[in-house]
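Student: Data file target18.txt (compact mmCIF, C-alpha atoms) is appended below.
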# COMPACT_ATOMS: atom_id res chain seq x y z
CA MET G 13 -32.37 24.19 7.06
CA GLU G 14 -35.07 26.14 8.97
CA LEU G 15 -34.44 23.92 12.02
CA TYR G 16 -30.69 24.60 11.76
CA TYR G 17 -31.27 28.37 11.68
CA SER G 18 -33.64 28.20 14.67
CA PHE G 19 -31.22 26.08 16.69
CA SER G 20 -28.30 28.35 15.76
CA ALA G 21 -30.25 31.43 16.91
CA LEU G 22 -31.10 29.72 20.21
CA ILE G 23 -27.44 28.78 20.83
CA VAL G 24 -26.23 32.32 20.01
CA LEU G 25 -28.81 33.94 22.29
CA SER G 26 -28.05 31.43 25.06
CA ALA G 27 -24.32 32.21 24.81
CA VAL G 28 -24.87 35.99 24.86
CA PHE G 29 -27.31 35.84 27.78
CA SER G 30 -25.01 33.45 29.67
CA TYR G 31 -22.16 35.94 29.26
CA ILE G 32 -24.31 38.87 30.44
CA ASN G 33 -25.45 36.89 33.46
CA ALA G 34 -21.95 35.69 34.39
CA ARG G 35 -20.48 39.17 33.86
CA PHE G 36 -23.14 41.36 35.48
CA LEU G 37 -26.15 39.65 37.12
CA LYS G 38 -24.26 36.69 38.65
CA LEU G 39 -27.49 34.73 39.19
CA PRO G 40 -27.61 30.91 38.95
CA ALA G 41 -27.04 30.21 35.24
CA SER G 42 -30.51 28.88 34.35
CA ILE G 43 -32.38 31.59 36.26
CA GLY G 44 -30.13 34.35 34.90
CA ILE G 45 -30.73 33.33 31.28
CA MET G 46 -34.48 33.20 31.84
CA VAL G 47 -34.57 36.59 33.59
CA ILE G 48 -32.65 38.24 30.74
CA ALA G 49 -34.91 36.61 28.14
CA LEU G 50 -37.94 37.80 30.09
CA LEU G 51 -36.60 41.37 30.25
CA VAL G 52 -35.85 41.31 26.51
CA SER G 53 -39.40 40.02 25.88
CA LEU G 54 -40.87 42.86 27.92
CA GLY G 55 -38.64 45.33 26.03
CA LEU G 56 -39.82 43.97 22.69
CA LEU G 57 -43.44 44.26 23.76
CA ALA G 58 -42.90 47.83 24.97
CA THR G 59 -41.14 48.88 21.72
CA ASP G 60 -43.32 46.90 19.31
CA ASN G 61 -44.36 50.07 17.47
CA ILE G 62 -40.79 51.38 17.27
CA PHE G 63 -39.04 48.16 16.18
CA PRO G 64 -41.82 46.06 14.61
CA HIS G 65 -39.46 44.00 12.42
CA THR G 66 -37.33 42.92 15.40
CA PHE G 67 -40.44 41.92 17.34
CA ASP G 68 -41.81 39.96 14.37
CA ARG G 69 -38.52 38.13 13.77
CA ILE G 70 -38.10 37.07 17.40
CA THR G 71 -41.76 36.03 17.62
CA ARG G 72 -41.52 34.00 14.39
CA LEU G 73 -38.40 32.26 15.72
CA PHE G 74 -40.19 31.03 18.81
CA LEU G 75 -43.39 30.24 16.94
CA SER G 76 -41.27 27.95 14.76
CA VAL G 77 -40.17 26.02 17.86
CA ASP G 78 -42.73 23.37 18.85
CA LEU G 79 -41.98 23.46 22.58
CA THR G 80 -44.22 20.50 23.35
CA GLU G 81 -42.39 18.28 20.85
CA ILE G 82 -38.93 19.73 21.51
CA LEU G 83 -39.20 19.44 25.29
CA MET G 84 -41.33 16.34 25.83
CA GLY G 85 -39.99 14.51 22.79
CA ALA G 86 -36.28 15.32 22.90
CA MET G 87 -34.75 17.69 25.46
CA LEU G 88 -36.46 16.14 28.48
CA ASN G 89 -35.02 12.71 27.70
CA PHE G 90 -31.46 14.06 27.50
CA LEU G 91 -31.84 16.17 30.64
CA LEU G 92 -33.39 13.36 32.69
CA PHE G 93 -30.67 10.90 31.67
CA ALA G 94 -28.02 13.51 32.47
CA GLY G 95 -29.60 14.12 35.88
CA ALA G 96 -30.13 10.45 36.74
CA ILE G 97 -26.62 9.38 35.75
CA HIS G 98 -25.23 11.50 38.62
CA ILE G 99 -27.66 10.31 41.33
CA HIS G 100 -26.35 7.73 43.78
CA LEU G 101 -28.72 4.79 44.08
CA GLU G 102 -27.88 4.38 47.77
CA ASP G 103 -29.18 7.87 48.51
CA LEU G 104 -32.32 7.19 46.49
CA ARG G 105 -32.86 3.81 48.16
CA GLU G 106 -32.80 5.42 51.60
CA GLN G 107 -35.55 7.85 50.54
CA ARG G 108 -37.54 5.42 48.37
CA MET G 109 -40.83 5.56 50.29
CA PRO G 110 -41.14 9.39 50.33
CA VAL G 111 -40.07 9.53 46.65
CA ILE G 112 -42.69 6.93 45.63
CA ILE G 113 -45.50 8.55 47.63
CA PHE G 114 -44.70 12.14 46.63
CA SER G 115 -44.41 11.20 42.93
CA THR G 116 -47.75 9.35 42.85
CA VAL G 117 -50.22 10.02 45.66
CA SER G 118 -49.16 13.66 46.08
CA VAL G 119 -49.64 14.35 42.35
CA VAL G 120 -53.24 13.08 42.50
CA ILE G 121 -54.01 15.03 45.71
CA SER G 122 -52.57 18.21 44.21
CA THR G 123 -54.45 17.76 40.91
CA PHE G 124 -57.85 17.57 42.58
CA ALA G 125 -57.08 20.26 45.18
CA ILE G 126 -56.06 22.72 42.44
CA GLY G 127 -58.97 21.73 40.21
CA LEU G 128 -61.55 22.23 42.97
CA LEU G 129 -60.10 25.55 44.14
CA MET G 130 -59.75 26.99 40.62
CA PHE G 131 -63.30 25.91 39.72
CA ASN G 132 -64.64 27.98 42.64
CA ILE G 133 -62.26 30.93 42.24
CA LEU G 134 -62.37 31.54 38.47
CA PRO G 135 -66.09 32.62 38.44
CA LEU G 136 -65.25 35.25 41.09
CA VAL G 137 -62.92 37.00 38.61
CA GLY G 138 -65.32 36.60 35.67
CA MET G 139 -63.53 33.64 34.04
CA PRO G 140 -65.66 30.54 34.74
CA ILE G 141 -64.58 27.32 33.00
CA PRO G 142 -65.84 23.71 33.31
CA PHE G 143 -64.59 21.63 36.24
CA ILE G 144 -62.87 19.11 33.97
CA GLN G 145 -60.74 21.90 32.45
CA CYS G 146 -59.74 22.95 35.96
CA LEU G 147 -58.62 19.36 36.54
CA VAL G 148 -56.61 19.49 33.30
CA PHE G 149 -54.79 22.51 34.70
CA GLY G 150 -54.34 20.75 38.05
CA ALA G 151 -52.76 17.77 36.30
CA LEU G 152 -50.28 19.81 34.24
CA ILE G 153 -49.16 22.10 37.07
CA SER G 154 -48.94 19.51 39.89
CA PRO G 155 -45.75 17.63 38.98
CA THR G 156 -42.52 19.29 40.02
CA ASP G 157 -40.24 19.90 37.06
CA PRO G 158 -37.10 17.72 37.04
CA ILE G 159 -35.16 20.18 34.88
CA ALA G 160 -35.85 23.18 37.13
CA VAL G 161 -35.33 21.15 40.31
CA LEU G 162 -32.06 19.46 39.30
CA GLY G 163 -30.67 22.65 37.78
CA ILE G 164 -31.33 24.85 40.81
CA LEU G 165 -31.25 22.61 43.90
CA LYS G 166 -27.62 21.59 43.39
CA GLN G 167 -26.67 25.26 43.93
CA ALA G 168 -29.12 25.91 46.76
CA GLY G 169 -27.38 24.16 49.67
CA VAL G 170 -30.39 22.00 50.57
CA PRO G 171 -29.58 19.10 52.98
CA LYS G 172 -28.71 15.90 51.11
CA SER G 173 -31.70 13.89 52.36
CA LEU G 174 -34.17 16.61 51.36
CA GLU G 175 -32.42 17.19 48.04
CA THR G 176 -32.74 13.46 47.26
CA LYS G 177 -36.46 13.50 48.14
CA ILE G 178 -37.22 16.54 45.98
CA ALA G 179 -34.98 15.48 43.08
CA GLY G 180 -36.21 11.87 43.20
CA GLU G 181 -39.83 13.01 43.26
CA SER G 182 -39.28 15.31 40.27
CA LEU G 183 -37.56 12.54 38.29
CA PHE G 184 -40.31 9.98 38.84
CA ASN G 185 -43.55 11.99 39.04
CA ASP G 186 -43.72 12.23 35.25
CA GLY G 187 -45.38 8.80 35.02
CA MET G 188 -48.34 9.58 37.26
CA ALA G 189 -48.62 13.16 35.94
CA VAL G 190 -48.79 12.07 32.31
CA VAL G 191 -51.43 9.43 33.06
CA VAL G 192 -53.60 11.91 34.98
CA PHE G 193 -53.12 14.59 32.30
CA ILE G 194 -53.99 12.17 29.45
CA VAL G 195 -57.18 11.07 31.21
CA MET G 196 -58.31 14.60 32.13
CA LEU G 197 -57.54 16.04 28.68
CA ALA G 198 -59.39 13.20 26.95
CA LEU G 199 -62.44 13.80 29.17
CA ALA G 200 -62.27 17.54 28.47
CA ARG G 201 -62.25 16.78 24.74
CA GLY G 202 -65.35 14.60 25.15
CA GLU G 203 -63.55 11.39 24.22
CA GLU G 204 -64.60 8.03 25.62
CA VAL G 205 -62.13 7.07 28.33
CA ASN G 206 -62.10 4.05 30.60
CA THR G 207 -62.11 5.89 33.94
CA SER G 208 -62.57 2.76 36.01
CA PHE G 209 -59.89 1.89 38.54
CA GLY G 210 -58.80 -1.04 36.37
CA GLY G 211 -58.61 1.06 33.22
CA ILE G 212 -56.53 3.82 34.78
CA THR G 213 -54.32 1.26 36.54
CA MET G 214 -53.59 -0.48 33.22
CA LEU G 215 -52.77 2.87 31.62
CA PHE G 216 -50.39 3.65 34.48
CA ILE G 217 -48.76 0.21 34.25
CA LYS G 218 -48.22 0.58 30.51
CA GLU G 219 -46.99 4.19 30.63
CA ALA G 220 -45.04 4.33 33.87
CA LEU G 221 -44.00 0.81 34.82
CA GLY G 222 -43.48 -0.13 31.18
CA GLY G 223 -41.18 2.88 30.77
CA ILE G 224 -39.18 1.94 33.86
CA VAL G 225 -38.74 -1.68 32.71
CA LEU G 226 -37.66 -0.50 29.25
CA GLY G 227 -35.16 1.89 30.83
CA LEU G 228 -33.71 -0.78 33.11
CA LEU G 229 -33.24 -3.07 30.10
CA LEU G 230 -31.62 -0.32 28.01
CA GLY G 231 -29.36 0.65 30.89
CA PHE G 232 -28.24 -2.94 31.48
CA VAL G 233 -27.56 -3.67 27.80
CA GLY G 234 -25.74 -0.35 27.39
CA SER G 235 -23.68 -0.99 30.52
CA GLN G 236 -22.60 -4.39 29.23
CA MET G 237 -21.56 -2.82 25.93
CA ILE G 238 -19.54 -0.15 27.78
CA TYR G 239 -17.84 -2.87 29.85
CA ARG G 240 -16.81 -4.91 26.81
CA VAL G 241 -15.04 -2.16 24.84
CA ASP G 242 -12.33 0.40 25.57
CA GLY G 243 -12.44 4.05 24.54
CA TYR G 244 -14.37 6.95 26.04
CA ASN G 245 -15.60 8.00 22.57
CA VAL G 246 -17.37 4.66 22.10
CA HIS G 247 -18.76 4.83 25.63
CA VAL G 248 -20.23 8.28 25.01
CA LEU G 249 -21.78 7.11 21.73
CA ILE G 250 -23.38 4.17 23.56
CA THR G 251 -24.96 6.51 26.14
CA LEU G 252 -26.24 8.73 23.33
CA ALA G 253 -27.73 5.67 21.63
CA ILE G 254 -29.47 4.70 24.87
CA VAL G 255 -31.19 8.10 25.05
CA MET G 256 -32.06 8.57 21.39
CA GLY G 257 -32.90 4.94 20.64
CA GLY G 258 -34.72 4.61 23.94
CA HIS G 259 -36.95 7.56 23.10
CA LEU G 260 -37.89 6.00 19.76
CA ALA G 261 -38.59 2.63 21.39
CA ALA G 262 -40.72 4.17 24.14
CA GLN G 263 -42.67 6.20 21.60
CA ALA G 264 -43.32 3.12 19.44
CA MET G 265 -44.53 1.10 22.45
CA HIS G 266 -46.54 4.00 23.99
CA MET G 267 -44.48 3.99 27.16
CA SER G 268 -43.07 6.87 29.18
CA GLY G 269 -39.82 7.94 27.51
CA PRO G 270 -38.80 10.22 30.42
CA LEU G 271 -39.21 7.45 32.98
CA ALA G 272 -37.25 5.10 30.72
CA MET G 273 -34.42 7.65 30.65
CA VAL G 274 -34.44 8.02 34.43
CA ALA G 275 -34.19 4.25 34.90
CA ALA G 276 -31.50 3.91 32.20
CA GLY G 277 -29.49 6.79 33.68
CA LEU G 278 -29.60 5.29 37.16
CA VAL G 279 -28.39 1.91 35.84
CA VAL G 280 -25.55 3.39 33.75
CA GLY G 281 -24.50 5.80 36.51
CA ASN G 282 -24.52 3.26 39.34
CA TYR G 283 -23.70 0.03 37.50
CA GLY G 284 -22.29 0.62 34.02
CA LYS G 285 -19.68 3.22 34.96
CA ASN G 286 -18.48 1.17 37.95
CA LEU G 287 -17.82 -2.13 36.19
CA GLY G 288 -14.25 -3.35 36.47
CA GLY G 289 -13.27 -2.75 32.85
CA VAL G 290 -14.16 0.97 32.90
CA SER G 291 -11.20 3.17 33.83
CA GLU G 292 -11.36 6.31 35.97
CA MET G 293 -10.55 8.44 32.92
CA GLU G 294 -13.39 6.87 30.90
CA ARG G 295 -15.85 7.44 33.75
CA ASP G 296 -14.71 11.05 33.97
CA TYR G 297 -15.26 11.59 30.23
CA ILE G 298 -18.80 10.19 30.43
CA ASP G 299 -19.59 12.43 33.41
CA LYS G 300 -18.11 15.54 31.80
CA PHE G 301 -19.92 14.91 28.50
CA TRP G 302 -23.32 14.65 30.18
CA GLU G 303 -22.63 17.63 32.43
CA LEU G 304 -21.96 19.67 29.29
CA ILE G 305 -25.12 18.39 27.57
CA ASP G 306 -27.06 19.26 30.72
CA GLU G 307 -25.69 22.82 30.83
CA ILE G 308 -26.30 23.54 27.12
CA LEU G 309 -29.85 22.17 27.02
CA ASN G 310 -30.74 23.86 30.31
CA ALA G 311 -29.58 27.19 28.87
CA ILE G 312 -31.70 26.72 25.73
CA LEU G 313 -34.75 25.59 27.71
CA PHE G 314 -34.75 28.52 30.13
CA LEU G 315 -34.16 30.89 27.24
CA ILE G 316 -37.28 29.52 25.53
CA ILE G 317 -39.30 29.84 28.76
CA GLY G 318 -38.28 33.50 29.05
CA PHE G 319 -39.34 34.24 25.47
CA GLU G 320 -42.63 32.32 25.75
CA LEU G 321 -44.06 35.60 27.07
CA LEU G 322 -44.20 36.80 23.45
CA LEU G 323 -46.56 33.95 22.50
CA ILE G 324 -49.25 34.59 25.14
CA PRO G 325 -51.85 37.10 23.87
CA ASP G 326 -53.09 39.79 26.28
CA LEU G 327 -51.14 38.52 29.29
CA LYS G 328 -52.07 41.63 31.30
CA GLN G 329 -55.72 40.63 31.57
CA TYR G 330 -54.68 37.46 33.43
CA GLY G 331 -52.56 39.28 36.02
CA LEU G 332 -55.00 39.00 38.94
CA ILE G 333 -55.93 35.37 38.37
CA GLY G 334 -52.26 34.60 37.76
CA VAL G 335 -51.28 35.88 41.21
CA ILE G 336 -54.19 34.02 42.80
CA THR G 337 -53.18 30.82 40.99
CA ILE G 338 -49.66 31.04 42.42
CA ALA G 339 -51.17 30.99 45.93
CA VAL G 340 -53.51 28.14 44.99
CA VAL G 341 -50.68 25.98 43.61
CA LEU G 342 -48.51 26.58 46.70
CA PHE G 343 -51.42 25.72 49.00
CA ALA G 344 -52.15 22.53 47.02
CA ARG G 345 -48.45 21.63 47.17
CA PHE G 346 -48.60 22.02 50.97
CA ILE G 347 -51.71 19.81 51.22
CA SER G 348 -50.19 17.15 48.92
CA ILE G 349 -47.08 16.94 51.14
CA TYR G 350 -48.71 17.45 54.55
CA LEU G 351 -51.43 14.78 54.23
CA PRO G 352 -49.12 11.87 53.22
CA VAL G 353 -46.53 12.92 55.82
CA LYS G 354 -49.16 12.88 58.59
CA LEU G 355 -51.06 9.77 57.45
CA ILE G 356 -48.28 7.45 56.25
CA PRO G 357 -45.81 6.02 58.80
CA PHE G 358 -42.53 6.90 57.04
CA LYS G 359 -39.33 5.50 58.54
CA ASN G 360 -38.03 9.03 59.22
CA ARG G 361 -40.60 11.51 60.49
CA PHE G 362 -40.92 14.89 58.78
CA GLY G 363 -40.76 18.00 60.91
CA ARG G 364 -42.11 21.46 60.14
CA LYS G 365 -38.78 22.53 58.64
CA SER G 366 -38.65 19.59 56.23
CA ILE G 367 -42.24 20.11 55.08
CA THR G 368 -41.60 23.83 54.49
CA ILE G 369 -38.53 23.15 52.34
CA LEU G 370 -40.31 20.35 50.43
CA VAL G 371 -43.21 22.70 49.65
CA TRP G 372 -41.02 25.65 48.62
CA GLY G 373 -38.55 23.45 46.73
CA GLY G 374 -41.22 21.90 44.51
CA LEU G 375 -40.41 23.98 41.42
CA ARG G 376 -42.48 24.10 38.23
CA GLY G 377 -40.89 24.65 34.82
CA GLY G 378 -40.86 23.81 31.14
CA VAL G 379 -42.77 20.54 31.45
CA SER G 380 -45.88 22.38 32.70
CA ILE G 381 -45.64 24.94 29.88
CA ALA G 382 -45.16 22.18 27.29
CA LEU G 383 -48.27 20.35 28.54
CA ALA G 384 -50.26 23.61 28.57
CA LEU G 385 -49.25 24.26 24.95
CA SER G 386 -50.61 20.83 23.98
CA ILE G 387 -54.15 21.75 25.09
CA ASP G 388 -56.70 22.36 22.31
CA ASP G 389 -57.61 25.98 21.52
CA GLY G 390 -61.28 25.30 22.33
CA LEU G 391 -60.49 24.35 25.93
CA ASN G 392 -59.62 27.88 27.16
CA LYS G 393 -56.00 27.34 26.17
CA ASP G 394 -55.01 31.02 26.44
CA LEU G 395 -56.24 31.24 30.03
CA LEU G 396 -54.62 27.97 31.14
CA LEU G 397 -51.34 28.80 29.38
CA ALA G 398 -51.23 32.29 30.91
CA ILE G 399 -51.79 31.16 34.50
CA THR G 400 -49.31 28.31 33.96
CA TYR G 401 -46.74 30.89 32.86
CA PHE G 402 -47.33 33.01 35.98
CA VAL G 403 -46.81 29.97 38.22
CA VAL G 404 -43.66 28.88 36.38
CA LEU G 405 -42.09 32.36 36.47
CA PHE G 406 -42.78 32.70 40.19
CA SER G 407 -41.55 29.18 40.85
CA ILE G 408 -38.23 29.53 39.03
CA ILE G 409 -37.38 33.13 39.90
CA VAL G 410 -38.77 33.58 43.42
CA GLN G 411 -38.70 30.02 44.79
CA GLY G 412 -35.54 29.09 42.89
CA LEU G 413 -33.61 32.09 44.20
CA THR G 414 -34.82 31.80 47.80
CA VAL G 415 -34.93 28.05 48.53
CA GLY G 416 -31.26 28.10 49.58
CA LYS G 417 -31.77 31.09 51.90
CA LEU G 418 -34.91 29.48 53.33
CA THR G 419 -32.95 26.30 54.04
CA LYS G 420 -30.23 28.20 55.91
CA LYS G 421 -32.85 30.14 57.87
CA MET G 422 -34.64 26.92 58.82
CA GLU G 423 -31.37 25.35 60.00
CA ASN G 424 -30.78 28.30 62.34
CA LEU G 425 -34.23 28.09 63.98
Let me see the file written as structure tokens.

Tutor:
Amino acid sequence: MELYYSFSALIVLSAVFSYINARFLKLPASIGIMVIALLVSLGLLATDNIFPHTFDRITRLFLSVDLTEILMGAMLNFLLFAGAIHIHLEDLREQRMPVIIFSTVSVVISTFAIGLLMFNILPLVGMPIPFIQCLVFGALISPTDPIAVLGILKQAGVPKSLETKIAGESLFNDGMAVVVFIVMLALARGEEVNTSFGGITMLFIKEALGGIVLGLLLGFVGSQMIYRVDGYNVHVLITLAIVMGGHLAAQAMHMSGPLAMVAAGLVVGNYGKNLGGVSEMERDYIDKFWELIDEILNAILFLIIGFELLLIPDLKQYGLIGVITIAVVLFARFISIYLPVKLIPFKNRFGRKSITILVWGGLRGGVSIALALSIDDGLNKDLLLAITYFVVLFSIIVQGLTVGKLTKKMENL
């Protein structure tokens, strides 16, 4: 019953904030909800002494929500499937090399660039931490967030080829990011980890490639089931079963559930919905259902991100390092895009405009916060969570609101 009350409160707040945004702020839906939640959080902090019971109730509500489990274990799978089901495989195939490189090599480059820079900068502001903990932060903040990217880019007017590169990267970089994060966090904890090339490769194959194969299988089986029966209600239930059953299967086999959902969504969206026995009306119902799921879960997620401010103790003391970290992450993003673009002979060359948009469009979001929340308290969790929050807020609000304007400006140069 506690879960029902928490979920009900989140839905009510999401609805109210959505109305306020649509009526007055008129920002993109996800950003508007997060901005309002952030302003409410700041108001609660400012009036803590005047309305202590309100502050305590709101704080308890969000303390009761295990964001790491909710996001990484449930919401992310639904949102990734919903995003992948609407991506055209032809577009993705044309951009396959940049997507593969940016979602693997670029994640590793960014992780070590951020780790090295933070290790040298943190002592200058009186917050020295071990190098391995800096690499943990580098691993959790390097992957672009598929939820933030897919939710904002579709309204930003980014050219189709660039949108496919950024969206494809964000959908697939989870595999490499999770492997790097698992290894770095285990080393930070002092656990014995096989850090040889073979050991890490096997971990990547099991997590990432295993998840993709599982997703392809689920998508194919689900598509065949959709083809053999009539009725949009049954079709929708089958897609739900793919996501929920797929998550359980991936968890049991220690594979990447998010990557499985991306693969399954691509198969259902490009193969299952287009089989001869599926009518236009049935395809439309599947699309509309997953668009609605996407909108509702996005609203809840960005609401939670806005209210996460209440759960970070003494955020003010991390203001300076937070601003510095934003610059560090953007610089590392530039390096992780620039080096592969200059060293790898892609079919289509990348100009200065494309690199700029790729760097600025690499948004961070709930995935980074969820990973930061999973860090042990003894590993400077408060510091890493605080600077993660600064980067995510800047990424969603500033980069998310300006990437469209930047694109238009670049086109006019």

Student: Using atom CA of G:Gly187 and atom CA of G:Glu219 as the two end points, give the distance in Å to one decimal.

Tutor: 6.6 Å

Student: From the set G:Val111, G:Met237, G:Ile305, G:Ala272, which residue has the shortest atom-to-atom contact distance to G:Val290, counting all atoms listed in the file?

Tutor: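 That would be G:Met237, the residue with the smallest distance to G:Val290.
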
Student: Rounded to one decimal in Å, what is the spacing between atom CA of G:Ser30 and atom CA of G:Ser42?

Tutor: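 Atom-to-atom, atom CA of G:Ser30 to atom CA of G:Ser42, that is 8.5 Å.
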
Student: Under the rule that only C-alpha atoms are counted, which of G:Pro270, G:Gly211, G:Pro325, G:Pro140 is the nearest residue to G:Leu88?

Tutor: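 Result for the nearest residue to G:Leu88: G:Pro270.
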
Student: For G:Asn282, find every residue with an atom within 9 Å (counting only C-alpha atoms), except residues of its own chain fewer than 6 positions away, and show them as an NGL selection string.

Tutor: :G and (97-101)

Student: Which is closest to G:Asp299 among G:Glu106, G:Leu25, G:Tyr244, G:Ser268, if we use only C-alpha atoms?

Tutor: G:Tyr244

Student: Go through G:Ile399, G:Leu174, G:Met109, G:Leu37 and flag the residue nearest G:Leu321, using all atoms listed in the file for the distances.

Tutor: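 Selected residue with least distance to G:Leu321: G:Ile399.
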
Student: Let me make sure I understand: among G:Tyr239, G:Phe343, G:Phe114, G:Phe63, which one has the smallest atom-to-atom distance to G:Leu183 if we use only C-alpha atoms?

Tutor: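 Of G:Tyr239, G:Phe343, G:Phe114, G:Phe63, the one nearest G:Leu183 is G:Phe114, counting only C-alpha atoms.
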
Student: Here is a test: counting only C-alpha atoms, which residue of G:Met46, G:Ala198, G:Ile238, G:Ile121 is nearest to G:Val404?

Tutor: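 With only C-alpha atoms as the atom set, the closest residue is G:Met46.
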
Student: May I ask for the distance between atom CA of G:Leu395 and atom CA of G:Arg201, given in Å to one decimal place?

Tutor: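 Spanning atom CA of G:Leu395 to atom CA of G:Arg201 is a straight-line distance of 16.5 Å.
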
Student: So which residues touch stretch 326-330 of chain G within 12 Å, counting all atoms listed in the file, skipping near sequence neighbours fewer than 3 positions away, as a PDB file with C-alpha atoms, in the frame of the given file?

Tutor:
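Heads up, here's the output in around-v4.pdb:
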ATOM      1  CA  LEU G  54     -40.870  42.860  27.920  1.00  0.00           C
ATOM      2  CA  LEU G  57     -43.440  44.260  23.760  1.00  0.00           C
ATOM      3  CA  LEU G 134     -62.370  31.540  38.470  1.00  0.00           C
ATOM      4  CA  VAL G 137     -62.920  37.000  38.610  1.00  0.00           C
ATOM      5  CA  GLY G 138     -65.320  36.600  35.670  1.00  0.00           C
ATOM      6  CA  MET G 139     -63.530  33.640  34.040  1.00  0.00           C
ATOM      7  CA  GLU G 320     -42.630  32.320  25.750  1.00  0.00           C
ATOM      8  CA  LEU G 321     -44.060  35.600  27.070  1.00  0.00           C
ATOM      9  CA  LEU G 322     -44.200  36.800  23.450  1.00  0.00           C
ATOM     10  CA  LEU G 323     -46.560  33.950  22.500  1.00  0.00           C
ATOM     11  CA  ILE G 333     -55.930  35.370  38.370  1.00  0.00           C
ATOM     12  CA  GLY G 334     -52.260  34.600  37.760  1.00  0.00           C
ATOM     13  CA  VAL G 335     -51.280  35.880  41.210  1.00  0.00           C
ATOM     14  CA  ILE G 336     -54.190  34.020  42.800  1.00  0.00           C
ATOM     15  CA  THR G 337     -53.180  30.820  40.990  1.00  0.00           C
ATOM     16  CA  ASP G 394     -55.010  31.020  26.440  1.00  0.00           C
ATOM     17  CA  LEU G 395     -56.240  31.240  30.030  1.00  0.00           C
ATOM     18  CA  LEU G 396     -54.620  27.970  31.140  1.00  0.00           C
ATOM     19  CA  LEU G 397     -51.340  28.800  29.380  1.00  0.00           C
ATOM     20  CA  ALA G 398     -51.230  32.290  30.910  1.00  0.00           C
ATOM     21  CA  ILE G 399     -51.790  31.160  34.500  1.00  0.00           C
ATOM     22  CA  THR G 400     -49.310  28.310  33.960  1.00  0.00           C
ATOM     23  CA  TYR G 401     -46.740  30.890  32.860  1.00  0.00           C
ATOM     24  CA  PHE G 402     -47.330  33.010  35.980  1.00  0.00           C
ATOM     25  CA  VAL G 403     -46.810  29.970  38.220  1.00  0.00           C
TER      26      VAL G 403
END

Student: Got a sec: who's within 9 Å of G:Gly377, counting all atoms listed in the file, leaving out chain neighbours fewer than 6 positions off, as a JSON list (two decimals) with C-alpha atoms, in the coordinates of the input?

Tutor:
[["chain", "number", "residue", "atom", "x", "y", "z"],
["G", 153, "ILE", "CA", -49.16, 22.10, 37.07],
["G", 156, "THR", "CA", -42.52, 19.29, 40.02],
["G", 157, "ASP", "CA", -40.24, 19.90, 37.06],
["G", 158, "PRO", "CA", -37.10, 17.72, 37.04],
["G", 159, "ILE", "CA", -35.16, 20.18, 34.88],
["G", 160, "ALA", "CA", -35.85, 23.18, 37.13],
["G", 161, "VAL", "CA", -35.33, 21.15, 40.31],
["G", 314, "PHE", "CA", -34.75, 28.52, 30.13],
["G", 317, "ILE", "CA", -39.30, 29.84, 28.76],
["G", 401, "TYR", "CA", -46.74, 30.89, 32.86],
["G", 403, "VAL", "CA", -46.81, 29.97, 38.22],
["G", 404, "VAL", "CA", -43.66, 28.88, 36.38],
["G", 405, "LEU", "CA", -42.09, 32.36, 36.47],
["G", 407, "SER", "CA", -41.55, 29.18, 40.85],
["G", 408, "ILE", "CA", -38.23, 29.53, 39.03]]

Student: Find the nearest atom pair between each residue of stretch 108-218 of chain G and stretch 382-393 of chain G for residues within 9 Å, count all atoms listed in the file, give distances in Å to one decimal, sort rows by chain and ascending number, and present the table as CSV.

Tutor:
residue,atom,partner,partner_atom,distance
G:Ile141,CA,G:Asn392,CA,7.7
G:Gln145,CA,G:Leu391,CA,7.0
G:Val148,CA,G:Ile387,CA,8.9
G:Phe149,CA,G:Ala384,CA,7.7
G:Leu152,CA,G:Leu383,CA,6.1
G:Ile153,CA,G:Ala384,CA,8.7
G:Phe193,CA,G:Leu383,CA,8.4
G:Leu197,CA,G:Ile387,CA,7.5
G:Ala200,CA,G:Leu391,CA,7.5
G:Arg201,CA,G:Leu391,CA,7.9

Student: Need the shell around G:His247: protein/DNA/RNA residues with any atom at most 12 Å away, counting all atoms listed in the file. Skip same-chain ones fewer than 6 positions apart. Format as a list in words?

Tutor: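 Everything that qualifies: Gly234, Ser235, Gln236, Met237, Ile238, Tyr239, Arg240, Val241, Ala253, Ile254, Val280, Gly284, Lys285, Gly289, Val290, Ser291, Met293, Glu294, Arg295, Asp296, Tyr297, Ile298, Asp299, Phe301 and Trp302 of chain G.
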
Student: Selected residues, C-alpha atoms, written as a tab-separated table (two decimals), in the frame of the given file, please.

Tutor:
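The resulting again-v6.tsv:
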chain	number	residue	atom	x	y	z
G	234	GLY	CA	-25.74	-0.35	27.39
G	235	SER	CA	-23.68	-0.99	30.52
G	236	GLN	CA	-22.60	-4.39	29.23
G	237	MET	CA	-21.56	-2.82	25.93
G	238	ILE	CA	-19.54	-0.15	27.78
G	239	TYR	CA	-17.84	-2.87	29.85
G	240	ARG	CA	-16.81	-4.91	26.81
G	241	VAL	CA	-15.04	-2.16	24.84
G	253	ALA	CA	-27.73	5.67	21.63
G	254	ILE	CA	-29.47	4.70	24.87
G	280	VAL	CA	-25.55	3.39	33.75
G	284	GLY	CA	-22.29	0.62	34.02
G	285	LYS	CA	-19.68	3.22	34.96
G	289	GLY	CA	-13.27	-2.75	32.85
G	290	VAL	CA	-14.16	0.97	32.90
G	291	SER	CA	-11.20	3.17	33.83
G	293	MET	CA	-10.55	8.44	32.92
G	294	GLU	CA	-13.39	6.87	30.90
G	295	ARG	CA	-15.85	7.44	33.75
G	296	ASP	CA	-14.71	11.05	33.97
G	297	TYR	CA	-15.26	11.59	30.23
G	298	ILE	CA	-18.80	10.19	30.43
G	299	ASP	CA	-19.59	12.43	33.41
G	301	PHE	CA	-19.92	14.91	28.50
G	302	TRP	CA	-23.32	14.65	30.18
